[in-house]
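For reference, upload-v9.txt (compact mmCIF, C-alpha atoms):
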# COMPACT_ATOMS: atom_id res chain seq x y z
CA MET A 67 181.26 91.67 140.14
CA VAL A 68 182.08 91.54 136.45
CA THR A 69 183.07 88.01 135.56
CA ASP A 70 183.72 87.01 132.03
CA ASN A 71 180.80 84.85 131.10
CA LEU A 72 177.83 84.71 133.39
CA PHE A 73 177.34 88.36 134.22
CA ASP A 74 178.78 90.37 131.38
CA ALA A 75 179.57 94.05 131.03
CA THR A 76 176.00 94.83 130.06
CA PHE A 77 174.85 93.87 133.55
CA ALA A 78 177.37 96.22 135.13
CA ARG A 79 176.25 99.03 132.83
CA LEU A 80 172.57 98.39 133.48
CA ALA A 81 173.25 98.46 137.23
CA ARG A 82 175.16 101.73 136.91
CA VAL A 83 172.37 103.32 134.86
CA LEU A 84 169.85 102.30 137.53
CA ASP A 85 172.12 103.93 140.15
CA LEU A 86 172.28 107.12 138.10
CA ARG A 87 168.49 107.18 137.63
CA ALA A 88 168.10 106.79 141.41
CA GLU A 89 170.54 109.67 141.91
CA GLN A 90 168.56 111.80 139.45
CA HIS A 91 165.43 110.93 141.40
CA SER A 92 166.89 112.26 144.65
CA LEU A 93 167.93 115.48 142.91
CA ILE A 94 164.39 115.95 141.57
CA SER A 95 162.95 115.30 145.05
CA ALA A 96 165.36 117.83 146.55
CA ASN A 97 164.37 120.40 143.90
CA LEU A 98 160.66 119.91 144.56
CA ALA A 99 161.22 120.06 148.32
CA ASN A 100 163.03 123.37 147.87
CA SER A 101 160.57 124.88 145.41
CA ASN A 102 159.85 127.67 147.91
CA THR A 103 163.35 128.19 149.28
CA PRO A 104 164.65 131.64 148.31
CA ASN A 105 167.86 131.61 146.23
CA TYR A 106 167.75 127.81 145.79
CA ARG A 107 169.16 126.70 142.43
CA ALA A 108 167.59 123.66 140.77
CA LYS A 109 170.06 120.82 140.18
CA GLU A 110 170.01 118.20 137.48
CA LEU A 111 172.19 115.26 136.55
CA ASP A 112 173.76 115.63 133.13
CA PHE A 113 172.95 112.24 131.63
CA SER A 114 174.27 112.60 128.10
CA GLN A 115 177.88 112.97 129.24
CA VAL A 116 177.97 110.31 131.92
CA LEU A 117 176.21 107.70 129.76
CA GLU A 118 178.90 108.13 127.14
CA ASP A 119 181.51 107.37 129.81
CA VAL A 120 179.55 104.44 131.23
CA MET A 121 178.90 102.86 127.84
CA GLY A 122 182.32 103.59 126.41
CA SER A 123 182.59 104.68 122.80
CA SER A 124 184.77 101.78 121.67
CA SER A 125 185.72 98.36 122.97
CA GLU A 126 189.15 99.71 123.89
CA ARG A 127 187.60 102.03 126.41
CA LEU A 128 185.67 99.19 127.94
CA SER A 129 188.55 97.18 129.27
CA MET A 130 191.05 98.27 131.87
CA THR A 131 194.69 98.01 130.90
CA ASN A 132 196.21 95.00 132.60
CA THR A 133 199.80 95.82 133.51
CA ALA A 134 200.45 92.51 135.23
CA GLU A 135 199.20 89.02 134.79
CA GLY A 136 196.45 88.20 137.23
CA HIS A 137 194.92 91.70 137.17
CA LEU A 138 191.20 91.51 137.04
CA GLY A 139 189.67 93.06 133.99
CA GLY A 140 187.38 95.95 134.91
CA LEU A 141 185.30 98.43 133.07
CA SER A 142 186.83 101.84 132.88
CA GLY A 143 184.30 104.58 133.09
CA ILE A 144 181.68 102.39 134.67
CA ASN A 145 181.91 104.42 137.85
CA ALA A 146 182.14 107.76 136.06
CA GLN A 147 180.55 110.41 138.21
CA ALA A 148 177.81 112.45 136.66
CA GLU A 149 178.19 116.19 136.32
CA ILE A 150 175.48 118.10 138.13
CA THR A 151 174.05 121.03 136.19
CA THR A 152 172.74 123.97 138.18
CA HIS A 153 169.95 126.05 136.72
CA GLU A 154 170.00 129.84 137.10
CA PRO A 155 166.73 131.61 137.90
CA PRO A 156 165.12 133.76 135.18
CA ALA A 157 165.88 137.49 135.25
CA TRP A 158 162.38 138.34 136.45
CA SER A 159 162.47 135.94 139.40
CA ILE A 160 161.70 137.69 142.70
CA ASP A 161 163.16 135.20 145.20
CA GLY A 162 166.08 133.90 143.13
CA ASN A 163 164.64 130.38 143.14
CA SER A 164 165.11 128.48 139.89
CA VAL A 165 162.87 125.45 140.55
CA ASN A 166 160.20 124.98 137.90
CA PRO A 167 157.65 122.52 139.37
CA GLU A 168 156.21 121.42 136.02
CA VAL A 169 159.63 120.76 134.53
CA GLU A 170 160.70 118.84 137.65
CA LEU A 171 157.54 116.73 137.68
CA THR A 172 157.81 115.83 134.00
CA ARG A 173 161.50 115.05 134.49
CA SER A 174 160.50 112.80 137.37
CA MET A 175 158.02 111.02 135.10
CA GLU A 176 160.65 110.65 132.39
CA ASN A 177 163.15 109.33 134.95
CA ASN A 178 160.57 106.87 136.21
CA LEU A 179 159.81 105.59 132.69
CA MET A 180 163.49 105.17 131.89
CA PHE A 181 164.07 103.35 135.19
CA ASN A 182 161.22 100.99 134.29
CA ALA A 183 162.66 100.44 130.83
CA VAL A 184 166.09 99.57 132.25
CA THR A 185 164.67 97.21 134.91
CA ARG A 186 162.69 95.49 132.16
CA VAL A 187 165.79 94.99 130.06
CA THR A 188 167.64 93.67 133.13
CA SER A 189 164.94 91.15 133.96
CA ARG A 190 164.79 89.98 130.34
CA LYS A 191 168.53 89.40 130.42
CA LEU A 192 168.17 87.50 133.68
CA GLY A 193 165.36 85.53 132.05
CA LEU A 194 167.76 84.41 129.32
CA LEU A 195 170.27 83.28 131.95
CA LYS A 196 167.54 81.43 133.75
CA LEU A 197 166.53 79.73 130.51
CA ALA A 198 170.11 78.51 130.11
CA VAL A 199 170.39 77.41 133.74
CA MET A 200 167.11 75.48 133.53
CA ASP A 201 168.41 73.61 130.52
CA GLY A 202 166.00 75.26 128.15
CA ARG A 203 162.94 74.19 130.09
CA LEU A 204 160.69 76.99 131.21
CA MET B 125 164.69 109.51 122.86
CA GLU B 126 162.47 111.73 120.78
CA LEU B 127 159.31 110.99 122.77
CA LEU B 128 160.84 112.25 125.98
CA LYS B 129 161.48 115.64 124.36
CA ALA B 130 157.71 116.00 124.06
CA PHE B 131 157.57 115.93 127.87
CA GLN B 132 159.94 118.87 128.11
CA ILE B 133 158.06 120.83 125.45
CA SER B 134 154.74 120.36 127.27
CA ALA B 135 156.38 121.16 130.63
CA SER B 136 157.56 124.52 129.26
CA GLY B 137 154.03 125.24 128.10
CA MET B 138 152.63 124.44 131.55
CA SER B 139 155.27 126.53 133.23
CA VAL B 140 154.49 129.54 131.05
CA GLU B 141 150.74 129.20 131.68
CA ARG B 142 151.34 128.98 135.44
CA THR B 143 153.43 132.14 135.33
CA ARG B 144 150.59 133.85 133.42
CA ILE B 145 148.12 132.74 136.12
CA GLU B 146 150.43 134.06 138.86
CA ILE B 147 150.67 137.46 137.14
CA VAL B 148 146.92 137.64 136.48
CA SER B 149 146.26 136.81 140.15
CA ALA B 150 148.57 139.61 141.24
CA ASN B 151 146.76 142.01 138.87
CA ILE B 152 143.30 141.03 140.16
CA ALA B 153 144.46 141.21 143.79
CA ASN B 154 145.81 144.71 143.20
CA ALA B 155 142.82 145.97 141.19
CA HIS B 156 142.17 148.56 143.91
CA SER B 157 145.68 149.35 145.12
CA THR B 158 145.94 153.11 144.73
CA ARG B 159 149.55 153.13 145.90
CA SER B 160 152.38 151.13 144.34
CA ALA B 161 155.29 149.70 146.32
CA ASP B 162 157.53 152.68 145.51
CA GLY B 163 154.77 155.10 146.63
CA VAL B 164 154.41 156.78 143.22
CA GLY B 165 150.98 156.45 141.61
CA PRO B 166 148.62 153.47 141.61
CA TYR B 167 149.50 149.84 140.89
CA GLN B 168 150.13 149.18 137.21
CA ARG B 169 149.20 145.87 135.68
CA ARG B 170 151.99 143.40 134.84
CA GLN B 171 152.24 141.35 131.67
CA PRO B 172 154.48 138.38 130.81
CA VAL B 173 156.57 138.50 127.65
CA VAL B 174 156.56 135.00 126.15
CA GLU B 175 159.10 133.99 123.56
CA ALA B 176 159.14 130.86 121.40
CA SER B 177 162.77 129.93 122.08
CA ALA B 178 164.77 127.28 120.27
CA PHE B 179 164.55 123.95 122.08
CA ASP B 180 168.29 123.51 122.54
CA LYS B 181 168.58 127.01 123.98
CA VAL B 182 166.31 126.09 126.89
CA TYR B 183 167.20 122.41 127.42
CA GLU B 184 170.41 120.49 127.18
CA GLY B 185 171.22 118.55 124.05
CA ASN B 186 171.21 119.10 120.33
CA PHE B 187 167.62 118.98 119.32
CA SER B 188 166.30 121.89 117.38
CA SER B 189 164.22 120.49 114.56
CA ILE B 190 161.74 117.80 113.60
CA GLY B 191 161.78 117.00 109.91
CA GLY B 192 163.76 120.14 109.17
CA GLN B 193 161.30 122.43 110.96
CA ASP B 194 162.51 124.36 113.97
CA VAL B 195 161.13 123.25 117.31
CA SER B 196 160.38 126.06 119.72
CA VAL B 197 159.45 125.95 123.38
CA PRO B 198 157.73 128.84 125.12
CA GLN B 199 159.66 130.69 127.78
CA VAL B 200 158.78 133.75 129.87
CA MET B 201 161.54 136.21 129.03
CA ASP B 202 160.42 139.17 131.10
CA VAL B 203 157.56 140.61 133.07
CA VAL B 204 156.71 144.15 132.01
CA THR B 205 154.54 146.91 133.43
CA ASP B 206 151.61 148.29 131.44
CA GLU B 207 152.09 152.09 131.55
CA THR B 208 148.67 153.13 130.21
CA PRO B 209 146.92 155.40 132.74
CA GLY B 210 144.00 153.92 134.64
CA PRO B 211 140.65 155.57 135.32
CA ARG B 212 140.45 158.61 137.60
CA VAL B 213 137.71 158.44 140.19
CA TYR B 214 136.32 161.50 142.01
CA ASP B 215 136.73 160.82 145.73
CA PRO B 216 137.97 163.96 147.55
CA GLY B 217 138.06 162.27 150.96
CA HIS B 218 140.54 159.63 149.77
CA PRO B 219 144.07 159.99 151.19
CA ASP B 220 145.54 159.52 147.68
CA ALA B 221 143.27 162.12 146.02
CA ASP B 222 144.97 165.00 144.12
CA GLU B 223 144.12 168.72 144.46
CA GLN B 224 141.01 168.37 142.28
CA GLY B 225 139.80 165.41 144.39
CA PHE B 226 140.52 162.71 141.80
CA VAL B 227 142.10 159.38 142.72
CA ALA B 228 144.17 157.57 140.07
CA MET B 229 143.01 153.94 140.04
CA PRO B 230 145.09 150.98 138.78
CA ASN B 231 144.79 150.24 135.03
CA VAL B 232 143.54 146.71 135.83
CA SER B 233 140.35 145.61 134.08
CA VAL B 234 139.06 142.74 136.21
CA VAL B 235 136.95 141.45 133.30
CA SER B 236 139.87 141.10 130.90
CA GLU B 237 142.03 139.63 133.66
CA MET B 238 139.34 136.98 134.26
CA VAL B 239 139.30 136.13 130.55
CA GLU B 240 143.09 135.87 130.65
CA LEU B 241 142.83 133.62 133.72
CA MET B 242 140.40 131.22 132.00
CA ASN B 243 142.50 131.22 128.86
CA ALA B 244 145.68 130.36 130.78
CA SER B 245 143.98 127.71 132.85
CA ARG B 246 142.55 125.96 129.73
CA ALA B 247 145.95 126.12 128.05
CA TYR B 248 147.50 124.54 131.16
CA GLU B 249 145.01 121.67 130.90
CA ALA B 250 145.74 121.26 127.20
CA ASN B 251 149.44 120.83 127.95
CA MET B 252 148.59 118.37 130.72
CA ASN B 253 146.59 116.30 128.21
CA ALA B 254 149.51 116.34 125.79
CA ILE B 255 151.76 115.01 128.58
CA ASP B 256 149.25 112.26 129.38
CA ALA B 257 149.14 111.24 125.71
CA THR B 258 152.94 111.14 125.53
CA LYS B 259 153.10 109.10 128.72
CA ASP B 260 150.60 106.59 127.33
CA MET B 261 152.71 106.26 124.19
CA VAL B 262 155.90 105.60 126.15
CA MET B 263 154.10 103.08 128.36
CA LYS B 264 152.82 101.32 125.24
CA ALA B 265 156.32 101.33 123.78
CA LEU B 266 157.56 99.60 126.93
CA GLU B 267 155.01 96.85 126.25
CA ILE B 268 156.69 95.93 122.95
CA GLY B 269 158.02 92.41 123.05
CA ARG B 270 156.44 91.65 126.38
CA GLY B 271 154.75 88.30 126.49

Show me the file's structure as structure tokens.
Amino acid sequence: MVTDNLFDATFARLARVLDLRAEQHSLISANLANSNTPNYRAKELDFSQVLEDVMGSSSERLSMTNTAEGHLGGLSGINAQAEITTHEPPAWSIDGNSVNPEVELTRSMENNLMFNAVTRVTSRKLGLLKLAVMDGRL
Amino acid sequence: MELLKAFQISASGMSVERTRIEIVSANIANAHSTRSADGVGPYQRRQPVVEASAFDKVYEGNFSSIGGQDVSVPQVMDVVTDETPGPRVYDPGHPDADEQGFVAMPNVSVVSEMVELMNASRAYEANMNAIDATKDMVMKALEIGRG
């Protein structure tokens, strides 16, 4: 999908972040669905780590090493899998369930806002492409 | 994103207030239980122990201060039993009465539990309002540069 000029690495990263946000959303839904299941442990996607991998800390990390001519350049780390953090229930919990509905709902709101922010950035980038394709006429 | 931390702080507050309401409800419901689960004595009221924990101890990430001041989020650390003896009521016909005919009642004062309930429920709403305000701010921030 990543070609050199038209759709650059930023598009691939934006797409991956949207994927991760969707994954986080399913985890939150699963947590809320299991808020009354005894011994269920709340799960959460660890964003800070995976975003570092997806973004790459330097340009060297962004490009795949081409060992032969004709290899397509790819983005290393773009498909980095996110670690899933499991939350332990508090010591006073009776049923061993560690879902905290308020925390899950606010996390869902946060996830939603971030998803919106990323889609907005994506459509603005597409808007720039469109501007170029339309020869500068809107 | 600093604004999103505000969500987590308010969520902890709501969670603590909900736990308080759960405990108060259990106390009110058991205001007349003359036998506890282990069969020894009447029900004794429960109380949450709330600690202002460091933010990064409760949530992931390195965020512990704003402008050099520590940021704390509330967290229920433990639920403890109030050991003070409750009133003794003279009722010789009661199956839990002692030799003198007195029944040990739970140390639950329904009036103070109701005050606690109102207090917790208002605090829950206050946190909800803080979340709404934060959400409005983030939504406004998303509007920057739009059209």

Selection: 9 Å around Gly165 of chain B, all atoms listed in the file, excl. self and same-chain fewer than 3 positions, as a PyMOL selection string
chain B and resi 158-160+162+168+220+228-230

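Atom CA of Asn231 of chain B to atom CA of Asn154 of chain B spans 9.9 Å [interatomic distance, one decimal].
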
Per-residue nearest contacts of chain B to chain A (8 Å; all atoms listed in the file) as a Markdown table:
| residue | atom | partner | partner_atom | distance |
| --- | --- | --- | --- | --- |
| B:Leu128 | CA | A:Glu176 | CA | 6.6 |
| B:Phe131 | CA | A:Thr172 | CA | 6.1 |
| B:Gln132 | CA | A:Val169 | CA | 6.7 |
| B:Ala135 | CA | A:Val169 | CA | 5.1 |
| B:Ser136 | CA | A:Val169 | CA | 6.8 |
| B:Met138 | CA | A:Glu168 | CA | 6.5 |
| B:Ser139 | CA | A:Glu168 | CA | 5.9 |
| B:Gly185 | CA | A:Ser114 | CA | 7.8 |
| B:Met201 | CA | A:Pro156 | CA | 7.5 |
| B:Asp202 | CA | A:Trp158 | CA | 5.8 |
| B:Val203 | CA | A:Trp158 | CA | 6.3 |
| B:Val262 | CA | A:Leu179 | CA | 7.6 |
| B:Met263 | CA | A:Leu179 | CA | 7.6 |
| B:Leu266 | CA | A:Ala183 | CA | 6.5 |

Between atom CA of Asn243 of chain B and atom CA of Pro209 of chain B lies a distance of 24.9 Å

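Reported to one decimal place, the separation of atom CA of Leu241 of chain B from atom CA of Ile147 of chain B is 9.4 Å.
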
Using all atoms listed in the file: which of A:Ile144, A:Ala75, A:Ile160, A:Ala198 has the shortest distance to Thr103 of chain A:
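The answer is A:Ile160, which sits nearest to Thr103 of chain A.
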
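Compared by their closest atoms to Arg246 of chain B, and using only C-alpha atoms, the residues B:Asp222, B:Gly137, B:Tyr167, B:Val182 rank with B:Gly137 nearest.
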
May I have the residues at most 8 Å from (156.7, 133.1, 121.7) in the file's coordinates, counting only C-alpha atoms, as a CSV table (one decimal) with C-alpha atoms, in the frame of the given file?
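Written file, selection_21.csv:
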chain,number,residue,atom,x,y,z
B,174,VAL,CA,156.6,135.0,126.2
B,175,GLU,CA,159.1,134.0,123.6
B,176,ALA,CA,159.1,130.9,121.4
B,177,SER,CA,162.8,129.9,122.1
B,197,VAL,CA,159.4,126.0,123.4
B,198,PRO,CA,157.7,128.8,125.1
B,199,GLN,CA,159.7,130.7,127.8

8 Å contact set for Val116 of chain A, only C-alpha atoms, chain neighbours under 6 positions out, as a PyMOL selection string
chain A and resi 146-149

Skip Ser149 of chain B itself and residues of its chain fewer than 4 positions away, then list as a VMD selection string all residues within 10 Å of it, counting all atoms listed in the file.
chain B and resid 143 to 145 153 to 155 237 to 238 241

Return the single residue from A:Asp161, A:Asp85, A:Asp201, A:Glu154 that is closest to Ala108 of chain A, with distances computed using all atoms listed in the file.
A:Glu154
